[in-house]
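The next block holds one structure in the form of structure tokens; read it before the comments.
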Amino acid sequence: MTRLQAFVDVLEADGGGDGPEDVAGGLEEVGRLFAQRTKPSLRMSMLMADAPCHGLKIPGDDHAVEDGVCQLQRVRRVVHEVFVKGGAELLFCKTGGVRDTDKMVNEFDTVLTPAGTYVDEFELQSAAGDAFRDKIVGELESCVAACVAPPTEDLGLDLFGGTDFSVPRSVACARLRARMDQLGGGLGGGVASLDGG
């Protein structure tokens with residue numbers, strides 16, 4: 001978390017002018033980072049956004065086609081490469097803003113659903129920075145722990161600041177457990193790399 005904070009602290013936003021964002025470019029970078037992993041590992045990416053990707057035919061989208069490339073086709077391609085072929089999990093945290101993020105998630109799901117997966121989506125209505133960070137870290141730890149040693153009883157909904165993590169957590173746990181079985185030859189045969197991959 002310290003490394004992430006140090007990275008974010010030096011970023012400067014510029015450009016833009018329209019509502020949608022270069023989500024495809026961000027997901028392409030995720031793919032490059034995942035490709036650097038040489039050992040088998042679990043891959044999970046969390047997209048946090050208050051605006052959708054370019055190319056959804058939203059009024060005011062000034063970059064639906066950029067340098068001759070249809071941005072909707074670009075985002076569909078990268079979602080397929082990283083999350084279908086690459087086997088990564090995608091969590092989407094809607095941080096407010098425009099409702100068109102639902103259109104984006106639907107586009108992602110048109111690519112993911114035929115492969116038996118979909119975007120694990122949750123909405124962040126309000127939470128302090130430290131509390132949100134702690135919640136996300138806790139959810140990821142809980143997900144991995146549930147894969148390694150599944151709980152014997154369901155404790156019900158987990159509500160935090162209007163955010164319900166229970167559905168994405170249970171879906172991600174089931175898929176991550178299956179991936180761990182695939183990578184490690186079953187949980188009894190040892191678990192594959194879980195170190196930040």
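How things are named: the first chain in the structure tokens is A, the next is B, and so on; residues count from 1 in each chain; ligands count from 1 in the order shown.
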Non-local contacts of Thr101 in chain A (10 Å; only C-alpha atoms; under 5 positions in same chain excluded) as a count of residues only: 13
Counting only C-alpha atoms, what is within 9 Å of Cys70 in chain A, bar same-chain residues fewer than 5 positions away, as a PDB file with all heavy atoms, in the first residue's frame?
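Output file around_28.pdb is given in full below:
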ATOM      1  N   HIS A  54     -14.109   5.546 -23.492  1.00  0.00           N
ATOM      2  CA  HIS A  54     -14.457   6.173 -24.766  1.00  0.00           C
ATOM      3  C   HIS A  54     -15.116   5.143 -25.677  1.00  0.00           C
ATOM      4  O   HIS A  54     -14.873   3.944 -25.558  1.00  0.00           O
ATOM      5  CB  HIS A  54     -13.199   6.704 -25.470  1.00  0.00           C
ATOM      6  CG  HIS A  54     -12.619   7.914 -24.829  1.00  0.00           C
ATOM      7  ND1 HIS A  54     -13.238   9.139 -24.864  1.00  0.00           N
ATOM      8  CD2 HIS A  54     -11.464   8.092 -24.144  1.00  0.00           C
ATOM      9  CE1 HIS A  54     -12.497  10.021 -24.230  1.00  0.00           C
ATOM     10  NE2 HIS A  54     -11.408   9.413 -23.767  1.00  0.00           N
ATOM     11  N   GLY A  55     -15.954   5.643 -26.606  1.00  0.00           N
ATOM     12  CA  GLY A  55     -16.493   4.789 -27.653  1.00  0.00           C
ATOM     13  C   GLY A  55     -17.898   4.283 -27.431  1.00  0.00           C
ATOM     14  O   GLY A  55     -18.405   3.496 -28.232  1.00  0.00           O
ATOM     15  N   HIS A  63     -13.529  11.448 -28.258  1.00  0.00           N
ATOM     16  CA  HIS A  63     -12.480  10.505 -28.657  1.00  0.00           C
ATOM     17  C   HIS A  63     -13.031   9.113 -28.952  1.00  0.00           C
ATOM     18  O   HIS A  63     -12.367   8.118 -28.685  1.00  0.00           O
ATOM     19  CB  HIS A  63     -11.421  10.408 -27.554  1.00  0.00           C
ATOM     20  CG  HIS A  63     -10.796  11.720 -27.213  1.00  0.00           C
ATOM     21  ND1 HIS A  63      -9.829  12.300 -27.980  1.00  0.00           N
ATOM     22  CD2 HIS A  63     -11.035  12.571 -26.191  1.00  0.00           C
ATOM     23  CE1 HIS A  63      -9.477  13.456 -27.449  1.00  0.00           C
ATOM     24  NE2 HIS A  63     -10.192  13.645 -26.364  1.00  0.00           N
ATOM     25  N   ALA A  64     -14.237   9.027 -29.516  1.00  0.00           N
ATOM     26  CA  ALA A  64     -14.812   7.717 -29.847  1.00  0.00           C
ATOM     27  C   ALA A  64     -13.938   6.989 -30.867  1.00  0.00           C
ATOM     28  O   ALA A  64     -13.834   5.765 -30.857  1.00  0.00           O
ATOM     29  CB  ALA A  64     -16.239   7.872 -30.375  1.00  0.00           C
ATOM     30  N   VAL A  65     -13.306   7.764 -31.734  1.00  0.00           N
ATOM     31  CA  VAL A  65     -12.307   7.247 -32.671  1.00  0.00           C
ATOM     32  C   VAL A  65     -11.068   8.105 -32.479  1.00  0.00           C
ATOM     33  O   VAL A  65     -11.120   9.326 -32.582  1.00  0.00           O
ATOM     34  CB  VAL A  65     -12.799   7.320 -34.131  1.00  0.00           C
ATOM     35  CG1 VAL A  65     -11.699   6.881 -35.087  1.00  0.00           C
ATOM     36  CG2 VAL A  65     -14.058   6.492 -34.318  1.00  0.00           C
ATOM     37  N   VAL A  75     -11.360  -1.272 -26.492  1.00  0.00           N
ATOM     38  CA  VAL A  75     -11.616  -1.707 -25.123  1.00  0.00           C
ATOM     39  C   VAL A  75     -12.120  -3.153 -25.103  1.00  0.00           C
ATOM     40  O   VAL A  75     -11.760  -3.929 -24.226  1.00  0.00           O
ATOM     41  CB  VAL A  75     -12.556  -0.740 -24.372  1.00  0.00           C
ATOM     42  CG1 VAL A  75     -14.019  -0.946 -24.725  1.00  0.00           C
ATOM     43  CG2 VAL A  75     -12.363  -0.854 -22.865  1.00  0.00           C
TER      44      VAL A  75
END
Interatomic distance (Å, one decimal) between CA of Arg32 in chain A and CA of Phe7 in chain A: 17.2 Å
Picked from range 84-123 of chain A by DSSP as strand (DSSP E), as a list in words: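 Everything in range 84-123 of chain A that counts as strand (DSSP E) is Glu89, Leu90, Leu91, Phe92, Cys93, Lys94, Asp120, Glu121, Phe122 and Glu123 of chain A.
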Keeping only C-alpha atoms, write those residues as a PDB file, in the first residue's frame.
ATOM      1  CA  GLU A  89     -10.286 -11.126 -12.587  1.00  0.00           C
ATOM      2  CA  LEU A  90     -11.802  -7.667 -13.016  1.00  0.00           C
ATOM      3  CA  LEU A  91     -13.405  -5.779 -10.154  1.00  0.00           C
ATOM      4  CA  PHE A  92     -15.038  -2.444 -10.889  1.00  0.00           C
ATOM      5  CA  CYS A  93     -15.534   0.147  -8.172  1.00  0.00           C
ATOM      6  CA  LYS A  94     -18.005   2.805  -9.279  1.00  0.00           C
ATOM      7  CA  ASP A 120     -17.469  -7.987 -10.255  1.00  0.00           C
ATOM      8  CA  GLU A 121     -19.000  -4.574  -9.647  1.00  0.00           C
ATOM      9  CA  PHE A 122     -19.629  -2.589  -6.488  1.00  0.00           C
ATOM     10  CA  GLU A 123     -20.426   1.008  -5.754  1.00  0.00           C
TER      11      GLU A 123
END
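One finds CA of Asp22 in chain A at 17.5 Å from CA of Phe83 in chain A.
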Gap from CA of Lys85 in chain A to CA of Met46 in chain A - Å, one decimal: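 Distance between the two atoms: 17.6 Å.
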Contacts of Gly116 in chain A at 9 Å (only C-alpha atoms; same-chain gap of 3+ positions) as a PyMOL selection string: chain A and resi 84+112-113
Output of the above residues as a PDB file, in the first residue's frame, restricted to C-alpha atoms:
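What follows is the written file selection18.pdb:
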ATOM      1  CA  VAL A  84     -10.536 -13.872 -20.983  1.00  0.00           C
ATOM      2  CA  LEU A 112     -16.628 -11.786 -20.582  1.00  0.00           C
ATOM      3  CA  THR A 113     -19.950 -13.660 -20.315  1.00  0.00           C
TER       4      THR A 113
END
Residue nearest Val79 in chain A among A:Leu47, A:Ile58, A:Leu27, A:Ala35 (counting only C-alpha atoms): A:Leu27
Of the listed residues A:Met44, A:Val10, A:Val69, A:Val78, that which approaches Glu28 in chain A most closely, counting only C-alpha atoms: A:Val78
DSSP helix (DSSP H, G or I) residues within range 48-82 of chain A, listed as a PyMOL selection string: chain A and resi 71-82
